[in-house]
file protein19.txt (compact mmCIF, C-alpha atoms and all ligand atoms)
# COMPACT_ATOMS: atom_id res chain seq x y z
CA MET A 62 37.18 117.98 83.92
CA ARG A 63 38.88 118.36 87.30
CA HIS A 64 40.38 115.42 89.19
CA LEU A 65 40.98 115.28 92.93
CA PHE A 66 44.52 114.02 92.63
CA GLU A 67 45.88 116.21 89.87
CA THR A 68 48.37 119.01 90.31
CA SER A 69 47.28 122.63 89.95
CA GLU A 70 48.47 126.15 90.54
CA ILE A 71 47.05 129.09 92.44
CA ASN A 72 49.15 132.03 91.30
CA ASP A 73 52.75 130.90 91.98
CA LEU A 74 51.67 128.16 94.36
CA LYS A 75 51.94 124.61 93.01
CA LEU A 76 49.60 122.11 94.65
CA LYS A 77 49.83 118.33 94.47
CA ASN A 78 46.10 117.70 94.73
CA ARG A 79 42.82 119.59 94.97
CA ILE A 80 42.00 118.90 98.62
CA ILE A 81 42.37 121.79 101.03
CA ARG A 82 42.37 121.57 104.81
CA SER A 83 40.05 124.50 105.48
CA ALA A 84 41.01 126.97 108.21
CA THR A 85 40.50 125.39 111.62
CA TRP A 86 41.21 127.02 114.96
CA THR A 87 43.10 124.50 117.09
CA GLY A 88 43.42 126.15 120.52
CA MET A 89 47.08 125.07 120.55
CA ALA A 90 48.92 128.41 120.52
CA ASP A 91 50.14 129.71 123.87
CA GLU A 92 48.17 132.21 125.92
CA THR A 93 49.85 135.14 124.19
CA GLY A 94 49.03 133.84 120.70
CA LYS A 95 52.50 132.49 119.98
CA CYS A 96 53.06 129.32 118.04
CA THR A 97 53.98 126.29 120.18
CA GLN A 98 55.72 122.95 119.58
CA LYS A 99 52.33 121.28 119.96
CA LEU A 100 50.93 123.38 117.11
CA ILE A 101 53.97 122.64 114.94
CA GLN A 102 53.50 118.91 115.52
CA TYR A 103 49.82 119.25 114.66
CA TYR A 104 50.55 120.88 111.31
CA GLU A 105 53.33 118.39 110.70
CA SER A 106 50.83 115.55 110.98
CA LEU A 107 48.47 117.34 108.57
CA ALA A 108 51.30 117.77 106.06
CA GLN A 109 52.17 114.08 106.38
CA GLY A 110 48.52 113.27 105.78
CA GLY A 111 48.65 114.47 102.19
CA ALA A 112 46.37 117.56 101.96
CA GLY A 113 47.23 119.61 98.87
CA LEU A 114 47.00 122.83 100.84
CA ILE A 115 46.66 123.60 104.54
CA VAL A 116 45.04 126.82 105.72
CA THR A 117 45.93 127.71 109.31
CA GLY A 118 43.23 128.49 111.83
CA HIS A 119 42.12 132.11 111.92
CA THR A 120 45.11 134.13 113.08
CA TYR A 121 44.41 137.47 114.67
CA VAL A 122 46.21 140.40 113.09
CA MET A 123 45.82 142.49 116.25
CA LYS A 124 44.90 141.61 119.82
CA SER A 125 41.54 143.39 119.62
CA GLY A 126 40.51 140.80 117.03
CA GLN A 127 41.09 137.67 119.13
CA ALA A 128 38.04 135.43 119.21
CA GLY A 129 39.09 132.32 121.07
CA PRO A 130 41.48 130.97 123.70
CA ARG A 131 44.95 129.91 122.61
CA GLN A 132 44.29 131.35 119.16
CA LEU A 133 47.34 132.02 117.02
CA GLY A 134 48.34 135.66 116.51
CA VAL A 135 50.64 137.25 113.94
CA GLU A 136 51.08 140.63 115.55
CA GLY A 137 54.67 141.81 116.00
CA GLU A 138 57.87 140.55 114.40
CA GLU A 139 58.62 138.44 117.47
CA ALA A 140 55.97 136.01 116.23
CA ILE A 141 58.01 135.20 113.13
CA PRO A 142 60.73 132.74 114.36
CA MET A 143 58.29 130.13 115.73
CA LEU A 144 56.01 130.56 112.71
CA ARG A 145 59.04 129.95 110.52
CA ALA A 146 59.67 126.70 112.40
CA LEU A 147 56.05 125.76 111.64
CA THR A 148 56.29 126.41 107.89
CA LYS A 149 59.61 124.56 107.74
CA ALA A 150 58.04 121.52 109.41
CA VAL A 151 55.18 121.55 106.89
CA HIS A 152 57.48 121.99 103.90
CA ARG A 153 59.83 119.25 105.15
CA ASN A 154 56.84 116.92 105.02
CA GLY A 155 55.83 117.88 101.50
CA GLY A 156 52.97 120.21 102.49
CA LYS A 157 51.96 123.72 101.51
CA ILE A 158 50.51 126.13 104.04
CA ILE A 159 48.87 129.54 103.93
CA MET A 160 47.89 131.68 106.89
CA GLN A 161 44.30 132.76 107.45
CA LEU A 162 44.35 136.40 108.60
CA SER A 163 41.44 137.49 110.75
CA HIS A 164 39.87 140.05 113.03
CA ALA A 165 36.81 138.91 114.94
CA GLY A 166 35.23 142.38 115.24
CA MET A 167 32.30 142.24 117.65
CA TYR A 168 32.94 138.52 118.20
CA ALA A 169 36.32 139.21 119.80
CA ASP A 170 36.30 138.04 123.40
CA PRO A 171 36.86 141.01 125.78
CA GLN A 172 37.84 138.56 128.52
CA LEU A 173 40.80 137.48 126.38
CA THR A 174 41.67 140.82 124.81
CA GLY A 175 41.03 143.06 127.81
CA LEU A 176 39.41 145.49 125.35
CA ASP A 177 35.89 146.44 124.38
CA ALA A 178 34.87 144.49 121.27
CA LYS A 179 35.25 146.55 118.11
CA ALA A 180 32.03 146.67 116.17
CA VAL A 181 31.16 147.82 112.69
CA SER A 182 27.99 149.20 114.27
CA ALA A 183 27.35 149.38 118.00
CA SER A 184 24.02 147.59 117.57
CA LYS A 185 23.27 145.17 120.42
CA ARG A 186 21.30 142.86 118.13
CA TYR A 187 23.76 139.98 118.40
CA THR A 188 25.74 140.48 121.59
CA THR A 189 25.53 141.40 125.23
CA TYR A 190 29.11 142.74 125.37
CA ARG A 191 29.84 146.44 125.41
CA LEU A 192 30.70 147.45 121.86
CA LYS A 193 32.88 150.23 120.53
CA GLU A 194 31.87 151.41 117.06
CA LEU A 195 34.89 151.60 114.79
CA THR A 196 36.12 155.08 113.94
CA PHE A 197 37.79 155.81 110.58
CA GLU A 198 41.17 155.78 112.40
CA CYS A 199 40.45 152.33 113.88
CA ILE A 200 39.44 150.99 110.47
CA GLU A 201 42.71 152.25 108.99
CA GLU A 202 44.66 150.62 111.87
CA ILE A 203 42.95 147.31 111.17
CA VAL A 204 43.63 147.55 107.43
CA GLN A 205 47.30 148.19 108.23
CA ALA A 206 47.35 145.27 110.66
CA PHE A 207 46.12 142.88 107.95
CA ALA A 208 48.88 144.10 105.61
CA ALA A 209 51.47 143.75 108.39
CA GLY A 210 50.14 140.27 109.17
CA ALA A 211 50.61 139.26 105.53
CA LEU A 212 54.16 140.61 105.57
CA HIS A 213 54.93 138.60 108.70
CA ALA A 214 53.38 135.49 107.19
CA ASN A 215 55.49 135.96 104.09
CA ALA A 216 58.64 136.49 106.18
CA ALA A 217 57.84 133.31 108.13
CA GLY A 218 57.71 131.25 104.94
CA PHE A 219 53.96 130.84 104.47
CA ASP A 220 53.03 130.00 100.89
CA GLY A 221 50.30 132.63 100.84
CA VAL A 222 47.52 134.15 102.92
CA GLN A 223 43.77 133.86 103.09
CA ILE A 224 41.70 136.80 104.32
CA HIS A 225 38.83 135.66 106.52
CA ALA A 226 35.76 137.54 105.28
CA GLY A 227 33.17 134.97 106.34
CA HIS A 228 31.31 133.56 109.34
CA GLY A 229 30.34 136.92 110.82
CA TYR A 230 33.88 138.01 111.68
CA LEU A 231 34.83 141.64 111.17
CA LEU A 232 35.07 141.81 107.36
CA SER A 233 31.94 139.72 107.06
CA GLN A 234 30.23 142.10 109.51
CA PHE A 235 31.17 145.01 107.27
CA LEU A 236 29.68 143.24 104.24
CA SER A 237 26.49 142.26 106.01
CA PRO A 238 23.56 144.68 106.23
CA ALA A 239 22.42 142.70 109.29
CA TYR A 240 25.50 143.83 111.24
CA ASN A 241 26.46 146.98 109.33
CA VAL A 242 23.92 149.75 109.84
CA ARG A 243 26.43 152.59 109.45
CA THR A 244 25.33 155.71 107.68
CA ASP A 245 28.83 156.93 106.75
CA GLY A 246 31.12 155.91 103.85
CA TYR A 247 31.42 152.33 105.21
CA GLY A 248 27.71 151.58 105.33
CA GLY A 249 24.77 151.51 102.94
CA VAL A 250 25.58 150.47 99.38
CA LEU A 251 27.68 147.37 98.80
CA GLY A 252 30.63 149.40 97.48
CA ASN A 253 30.87 151.07 100.89
CA ARG A 254 30.48 147.87 102.88
CA ALA A 255 33.17 146.13 100.81
CA LYS A 256 35.68 148.99 101.20
CA PRO A 257 37.77 147.59 104.11
CA LEU A 258 38.09 144.15 102.48
CA LEU A 259 39.10 145.61 99.11
CA GLU A 260 41.53 148.03 100.73
CA ILE A 261 43.17 145.15 102.62
CA VAL A 262 43.60 143.24 99.35
CA ARG A 263 45.21 146.32 97.74
CA ARG A 264 47.56 146.90 100.69
CA ILE A 265 48.66 143.28 100.79
CA ARG A 266 49.33 143.32 97.06
CA LYS A 267 51.26 146.57 97.42
CA ALA A 268 53.29 145.22 100.33
CA ILE A 269 54.16 141.79 98.90
CA GLY A 270 53.53 141.97 95.17
CA ARG A 271 51.14 140.31 92.77
CA HIS A 272 52.74 136.85 92.83
CA TYR A 273 52.03 136.11 96.48
CA PRO A 274 49.01 133.80 96.66
CA LEU A 275 46.12 135.74 98.14
CA LEU A 276 42.83 133.98 98.85
CA VAL A 277 39.59 135.09 100.48
CA LYS A 278 37.07 133.03 102.45
CA LEU A 279 33.68 134.56 101.84
CA ASN A 280 30.11 133.97 102.92
CA CYS A 281 27.81 133.16 100.03
CA GLN A 282 24.96 134.10 102.36
CA ASP A 283 24.67 134.92 106.05
CA PHE A 284 21.38 133.02 106.35
CA LEU A 285 20.11 135.86 108.54
CA GLU A 286 17.16 138.11 108.08
CA GLY A 287 18.52 141.18 106.30
CA GLY A 288 21.97 139.62 106.03
CA LEU A 289 24.30 139.29 103.05
CA ALA A 290 22.56 137.43 100.22
CA VAL A 291 24.08 135.63 97.26
CA GLU A 292 23.31 138.36 94.69
CA GLU A 293 25.60 140.65 96.68
CA SER A 294 28.27 138.11 97.61
CA LEU A 295 28.69 137.36 93.89
CA LYS A 296 29.30 141.06 93.30
CA VAL A 297 31.90 141.02 96.09
CA GLY A 298 33.51 138.06 94.32
CA VAL A 299 33.69 140.05 91.07
CA LEU A 300 35.26 143.01 92.91
CA LEU A 301 37.81 140.72 94.58
CA GLU A 302 38.72 139.12 91.26
CA ALA A 303 39.23 142.57 89.74
CA GLU A 304 41.59 143.43 92.61
CA GLY A 305 43.74 140.40 91.86
CA VAL A 306 42.56 137.89 94.47
CA ASP A 307 43.69 134.42 93.36
CA ALA A 308 40.90 132.19 94.66
CA ILE A 309 37.75 132.32 96.76
CA GLU A 310 36.62 129.74 99.29
CA VAL A 311 32.83 129.76 99.45
CA SER A 312 31.35 129.28 102.92
CA GLY A 313 28.34 130.76 104.68
CA GLY A 314 26.50 131.50 107.91
CA THR A 315 27.46 133.30 111.09
CA ARG A 316 27.19 132.50 114.79
CA GLU A 317 23.59 133.69 114.66
CA SER A 318 22.46 131.54 111.74
CA GLY A 319 21.21 128.62 113.84
CA ARG A 320 21.23 125.40 111.85
CA PHE A 321 22.54 127.32 108.82
CA LYS A 322 25.87 128.15 110.47
CA SER A 323 29.17 127.27 108.76
CA THR A 324 29.67 124.10 110.83
CA ARG A 325 26.35 122.38 110.21
CA THR A 326 25.47 119.21 112.06
CA ASP A 327 23.23 116.36 110.91
CA ILE A 328 25.22 115.40 107.84
CA LEU A 329 23.55 112.04 107.71
CA CYS A 330 23.50 111.10 104.05
CA GLU A 331 24.98 112.12 100.74
CA LYS A 332 22.40 114.80 100.01
CA ASP A 333 23.35 116.64 103.25
CA GLU A 334 26.93 116.97 102.05
CA GLY A 335 28.50 119.98 100.33
CA TYR A 336 25.80 122.26 101.71
CA PHE A 337 27.05 125.32 99.83
CA GLU A 338 27.29 123.51 96.49
CA PHE A 339 24.50 125.52 94.88
CA PHE A 340 26.26 128.76 95.78
CA ALA A 341 29.71 127.56 94.71
CA ARG A 342 28.24 126.76 91.30
CA ARG A 343 26.97 130.32 91.03
CA PHE A 344 30.41 131.65 91.91
CA LYS A 345 31.88 129.37 89.23
CA GLN A 346 29.45 130.85 86.69
CA HIS A 347 30.35 134.43 87.57
CA LEU A 348 34.10 134.28 88.15
CA LYS A 349 37.20 133.01 86.35
CA ILE A 350 39.41 132.54 89.41
CA PRO A 351 39.38 129.16 91.19
CA ILE A 352 36.57 128.45 93.64
CA ALA A 353 36.94 126.21 96.67
CA LEU A 354 33.85 124.70 98.26
CA VAL A 355 33.72 123.96 101.98
CA GLY A 356 30.99 122.59 104.22
CA GLY A 357 29.97 119.04 105.00
CA ILE A 358 31.89 117.17 102.30
CA ARG A 359 32.47 113.71 103.71
CA ARG A 360 32.59 111.00 101.06
CA TYR A 361 35.26 110.42 98.44
CA GLU A 362 32.45 109.89 95.91
CA THR A 363 30.97 113.29 96.78
CA ALA A 364 34.33 115.00 96.37
CA VAL A 365 34.83 113.31 92.99
CA ARG A 366 31.32 114.25 91.85
CA LEU A 367 31.80 117.90 92.85
CA MET A 368 35.07 118.02 90.89
CA GLN A 369 33.77 116.21 87.84
CA THR A 370 30.56 118.22 87.57
CA GLY A 371 32.42 121.51 87.92
CA ALA A 372 30.84 122.64 91.20
CA ALA A 373 34.23 123.87 92.39
CA ASP A 374 37.94 123.76 91.58
CA TYR A 375 38.96 122.71 95.09
CA ILE A 376 37.36 120.67 97.84
CA ALA A 377 37.92 122.14 101.30
CA MET A 378 37.28 120.25 104.53
CA SER A 379 37.79 120.91 108.20
CA ARG A 380 36.24 118.42 110.62
CA PRO A 381 37.29 115.26 108.72
CA PHE A 382 40.92 116.31 109.22
CA ILE A 383 40.38 116.49 112.98
CA LYS A 384 39.09 112.94 112.97
CA GLU A 385 41.73 111.58 110.60
CA PRO A 386 44.61 113.89 109.55
CA GLY A 387 45.88 111.27 107.09
CA PHE A 388 42.69 110.53 105.15
CA VAL A 389 43.87 112.20 101.91
CA LYS A 390 46.83 109.85 101.65
CA ARG A 391 44.54 106.92 102.42
CA TRP A 392 42.06 107.94 99.71
CA GLN A 393 44.87 108.37 97.24
CA SER A 394 46.20 104.91 98.03
CA GLY A 395 42.83 103.43 97.00
CA ASN A 396 41.12 102.99 100.36
CA THR A 397 38.35 105.51 99.80
CA ALA A 398 36.18 104.67 102.81
CA MET A 399 34.46 107.65 104.37
CA VAL A 400 36.12 109.43 107.30
CA GLY A 401 34.26 108.62 110.51
CA CYS A 402 33.48 112.27 111.33
CA VAL A 403 29.93 112.55 112.69
CA SER A 404 29.87 116.37 112.50
CA ASP A 405 28.70 116.83 116.08
CA ASN A 406 31.14 119.71 116.70
CA GLU A 407 32.42 118.10 119.90
CA CYS A 408 35.93 118.84 118.56
CA LEU A 409 35.18 122.51 119.08
CA SER A 410 34.07 121.94 122.68
CA ALA A 411 37.27 120.02 123.39
CA GLY A 412 39.28 122.99 122.10
CA LEU A 413 37.37 125.37 124.32
CA ARG A 414 38.19 123.23 127.35
CA GLY A 415 41.83 124.23 126.78
CA THR A 416 43.44 121.00 125.59
CA GLY A 417 43.31 121.74 121.85
CA ILE A 418 40.82 120.36 119.34
CA VAL A 419 40.42 116.63 119.29
CA CYS A 420 37.82 114.15 118.09
CA SER A 421 36.66 112.09 121.04
CA ARG A 422 34.56 109.65 119.02
C1 LIG B 501 37.05 123.29 115.49
C2 LIG B 501 36.74 124.18 114.32
C3 LIG B 501 37.47 125.34 114.14
C4 LIG B 501 37.22 126.16 113.03
N1 LIG B 501 38.00 127.28 112.85
C5 LIG B 501 37.84 128.04 111.74
C6 LIG B 501 38.70 129.12 111.48
O1 LIG B 501 39.64 129.39 112.23
N2 LIG B 501 38.49 129.84 110.34
C7 LIG B 501 37.48 129.53 109.46
O2 LIG B 501 37.35 130.20 108.45
N3 LIG B 501 36.65 128.51 109.69
C8 LIG B 501 36.82 127.74 110.79
N4 LIG B 501 36.02 126.65 110.98
C9 LIG B 501 35.03 126.30 109.95
C10 LIG B 501 35.63 125.33 108.93
O3 LIG B 501 36.72 125.89 108.24
C11 LIG B 501 34.60 124.90 107.89
O4 LIG B 501 34.19 126.05 107.16
C12 LIG B 501 33.38 124.21 108.51
O5 LIG B 501 33.76 123.38 109.57
C13 LIG B 501 32.63 123.36 107.49
O6 LIG B 501 33.46 122.39 106.91
P1 LIG B 501 33.46 120.84 107.38
O7 LIG B 501 32.06 120.37 107.28
O8 LIG B 501 34.39 120.16 106.42
O9 LIG B 501 33.95 120.81 108.78
C14 LIG B 501 36.23 125.83 112.08
C15 LIG B 501 35.49 124.65 112.29
C16 LIG B 501 35.73 123.83 113.38
C17 LIG B 501 34.95 122.56 113.53

call {"tool": "encode", "arguments": {"input": "protein19.txt", "output": "structure tokens", "more": "lines below"}}
Ligand SMILES: Cc1cc2nc3c(=O)[nH]c(=O)nc-3n(C[C@H](O)[C@H](O)[C@H](O)COP(=O)(O)O)c2cc1C
result
Amino acid sequence: MRHLFETSEINDLKLKNRIIRSATWTGMADETGKCTQKLIQYYESLAQGGAGLIVTGHTYVMKSGQAGPRQLGVEGEEAIPMLRALTKAVHRNGGKIIMQLSHAGMYADPQLTGLDAKAVSASKRYTTYRLKELTFECIEEIVQAFAAGALHANAAGFDGVQIHAGHGYLLSQFLSPAYNVRTDGYGGVLGNRAKPLLEIVRRIRKAIGRHYPLLVKLNCQDFLEGGLAVEESLKVGVLLEAEGVDAIEVSGGTRESGRFKSTRTDILCEKDEGYFEFFARRFKQHLKIPIALVGGIRRYETAVRLMQTGAADYIAMSRPFIKEPGFVKRWQSGNTAMVGCVSDNECLSAGLRGTGIVCSR
């Protein structure tokens, strides 16, 4: 039986408890994607707050993949010194941190990137922006950029990386038949749609070796008509495990999924919590590698139940850490009151206003 406050290992990474701060964009990098003192202080406070593992916000591996303002980037070696200062600050405070590597694909913001959004398919179904369908050369460039991003993260002292393959970002778009209507070797059967993700895993392994913790955040379902469904996401999980991925964080939904998006609102009572629990359990049944469950977990009692009943190996949370970065330490000290996060996503709006994410409640 798993316990929240026991130690564990993911590959070579030793964790002091089973609570993960799930990837959360902060809007605190500078306008060119570089790490700032403000961002370092933010992660420092998270490390002091006792999370077993911190996953950075989605970090674009190349400019064409930038989704939001003041998003962190990991392109170019010049990014490394400030990122090293960030990892040092986290480690000094007893934390562990991995970088989430991402490309937003058609959800990149052309006003920020100055480029046409790169789409798996140039279908206008989900956007009004002009889209450029990815050529084979562009796909190869992106694969290389993920591997380079992982190398930079490693050089900057990150304890591992997580590939963002959920929420309708580029790798999730490839996997999803709702976004991917290609008729070449990257479309159609699941093996084709999963190619870029699997190739990125192989390249990262080749570049850094098999002991570097490598995680993937994956949609269990897109909750879209014709989108990725759980029967297929489980198969992707099996393929990722076979390629040596160390753990999978199970999430779901895209920007188009309405009330079934990844950041659901209306978490009013216990039964609304852990909204991907059913799917995480299926991943647990199919895979041997550790599974993290994210989405709407709010109460200590819920986290304990999910651990004890084997729904997942790790509990991942995002919005509660915005409200109260130190709640893990508080829970561990015996004060297990619920974090006052009301899941209204106002934190996101605050970030978009340019001041960085904050809970105004
Ligand atoms: C402000 C904000 C920023 C987020 N940024 C990311 C991100 O960069 N990468 C990611 O995978 N998910 C991101 N998410 C989604 C969370 O990681 C998480 O999957 C979701 O919020 C559900 O968990 P929660 O109910 O504990 O907040 C973000 C969520 C919020 C509220």

call {"tool": "closest_residue", "arguments": {"input": "protein19.txt", "among": "A:Tyr187, A:Phe344, A:Tyr104, A:Trp392", "to": "Glu317 in chain A", "atoms": "only C-alpha atoms"}}
result
A:Tyr187

call {"tool": "residues_near_ligand", "arguments": {"input": "protein19.txt", "ligand": "ligand LIG 501 (chain B)", "cutoff": "8 Å", "atoms": "all atoms listed in the file", "output": "number ranges by chain"}}
result
A: 82-87, 117-120, 161, 225, 227-228, 278, 312-313, 323-325, 335, 355-359, 377-381, 383, 404, 406, 408-410, 412, 418

call {"tool": "atom_distance", "arguments": {"input": "protein19.txt", "atom1": "CA of Tyr190 in chain A", "atom2": "CA of Gly249 in chain A"}}
result
24.5 Å

call {"tool": "atom_distance", "arguments": {"input": "protein19.txt", "atom1": "CA of Thr363 in chain A", "atom2": "CA of His64 in chain A"}}
result
12.3 Å

call {"tool": "closest_residue", "arguments": {"input": "protein19.txt", "among": "A:Ile101, A:Met399, A:Leu413, A:Met123", "to": "Gly137 in chain A", "atoms": "all atoms listed in the file"}}
result
A:Met123

call {"tool": "residues_near_point", "arguments": {"input": "protein19.txt", "point": "(37.4, 140.3, 112.6)", "cutoff": "12 Å", "atoms": "all atoms listed in the file", "output": "ChimeraX atom specification"}}
result
/A:119-129,161-170,178-181,195,200,203-204,206-207,224-236,257-258

call {"tool": "atom_distance", "arguments": {"input": "protein19.txt", "atom1": "CA of Ile352 in chain A", "atom2": "CA of Phe339 in chain A"}}
result
12.5 Å

call {"tool": "residues_around", "arguments": {"input": "protein19.txt", "residues": "Ser421 in chain A", "least_positions_apart": "6", "cutoff": "9 Å", "atoms": "all atoms listed in the file", "output": "list in words"}}
result
Lys384, Glu407, Cys408 and Ala411 of chain A

call {"tool": "closest_residue", "arguments": {"input": "protein19.txt", "among": "A:His213, A:Arg131, A:Arg63, A:Lys99", "to": "Ala150 in chain A", "atoms": "all atoms listed in the file"}}
result
A:Lys99

call {"tool": "closest_residue", "arguments": {"input": "protein19.txt", "among": "A:Leu329, A:Cys199, A:His272, A:Arg343", "to": "Asp405 in chain A", "atoms": "only C-alpha atoms"}}
result
A:Leu329

call {"tool": "closest_residue", "arguments": {"input": "protein19.txt", "among": "A:Ile350, A:Cys96, A:Leu251, A:Ala214", "to": "Lys296 in chain A", "atoms": "only C-alpha atoms"}}
result
A:Leu251

call {"tool": "residues_around", "arguments": {"input": "protein19.txt", "residues": "Thr370 in chain A", "least_positions_apart": "4", "cutoff": "9 Å", "atoms": "all atoms listed in the file", "output": "mmCIF file with C-alpha atoms, keeping the file's coordinate frame"}}
result
data_model
loop_
_atom_site.group_PDB
_atom_site.id
_atom_site.type_symbol
_atom_site.label_atom_id
_atom_site.label_comp_id
_atom_site.auth_asym_id
_atom_site.auth_seq_id
_atom_site.Cartn_x
_atom_site.Cartn_y
_atom_site.Cartn_z
ATOM 1 C CA MET A 62 37.180 117.980 83.920
ATOM 2 C CA ARG A 63 38.880 118.360 87.300
ATOM 3 C CA VAL A 365 34.830 113.310 92.990
ATOM 4 C CA ARG A 366 31.320 114.250 91.850
#

call {"tool": "closest_residue", "arguments": {"input": "protein19.txt", "among": "A:Lys95, A:Arg266, A:His152, A:Arg145", "to": "Leu107 in chain A", "atoms": "all atoms listed in the file"}}
result
A:His152

call {"tool": "residues_around", "arguments": {"input": "protein19.txt", "residues": "Ala239 in chain A", "least_positions_apart": "5", "cutoff": "10 Å", "atoms": "only C-alpha atoms", "output": "number ranges by chain"}}
result
A: 182, 184, 186-187, 229, 234, 283, 285-289

call {"tool": "closest_atom_pairs", "arguments": {"input": "protein19.txt", "of": "range 173-279 of chain A", "to": "range 70-74 of chain A", "cutoff": "7 Å", "atoms": "only C-alpha atoms", "output": "CSV"}}
result
residue,atom,partner,partner_atom,distance
A:Asp220,CA,A:Leu74,CA,6.9
A:His272,CA,A:Asp73,CA,6.0
A:Tyr273,CA,A:Asp73,CA,6.9
A:Pro274,CA,A:Asn72,CA,5.6
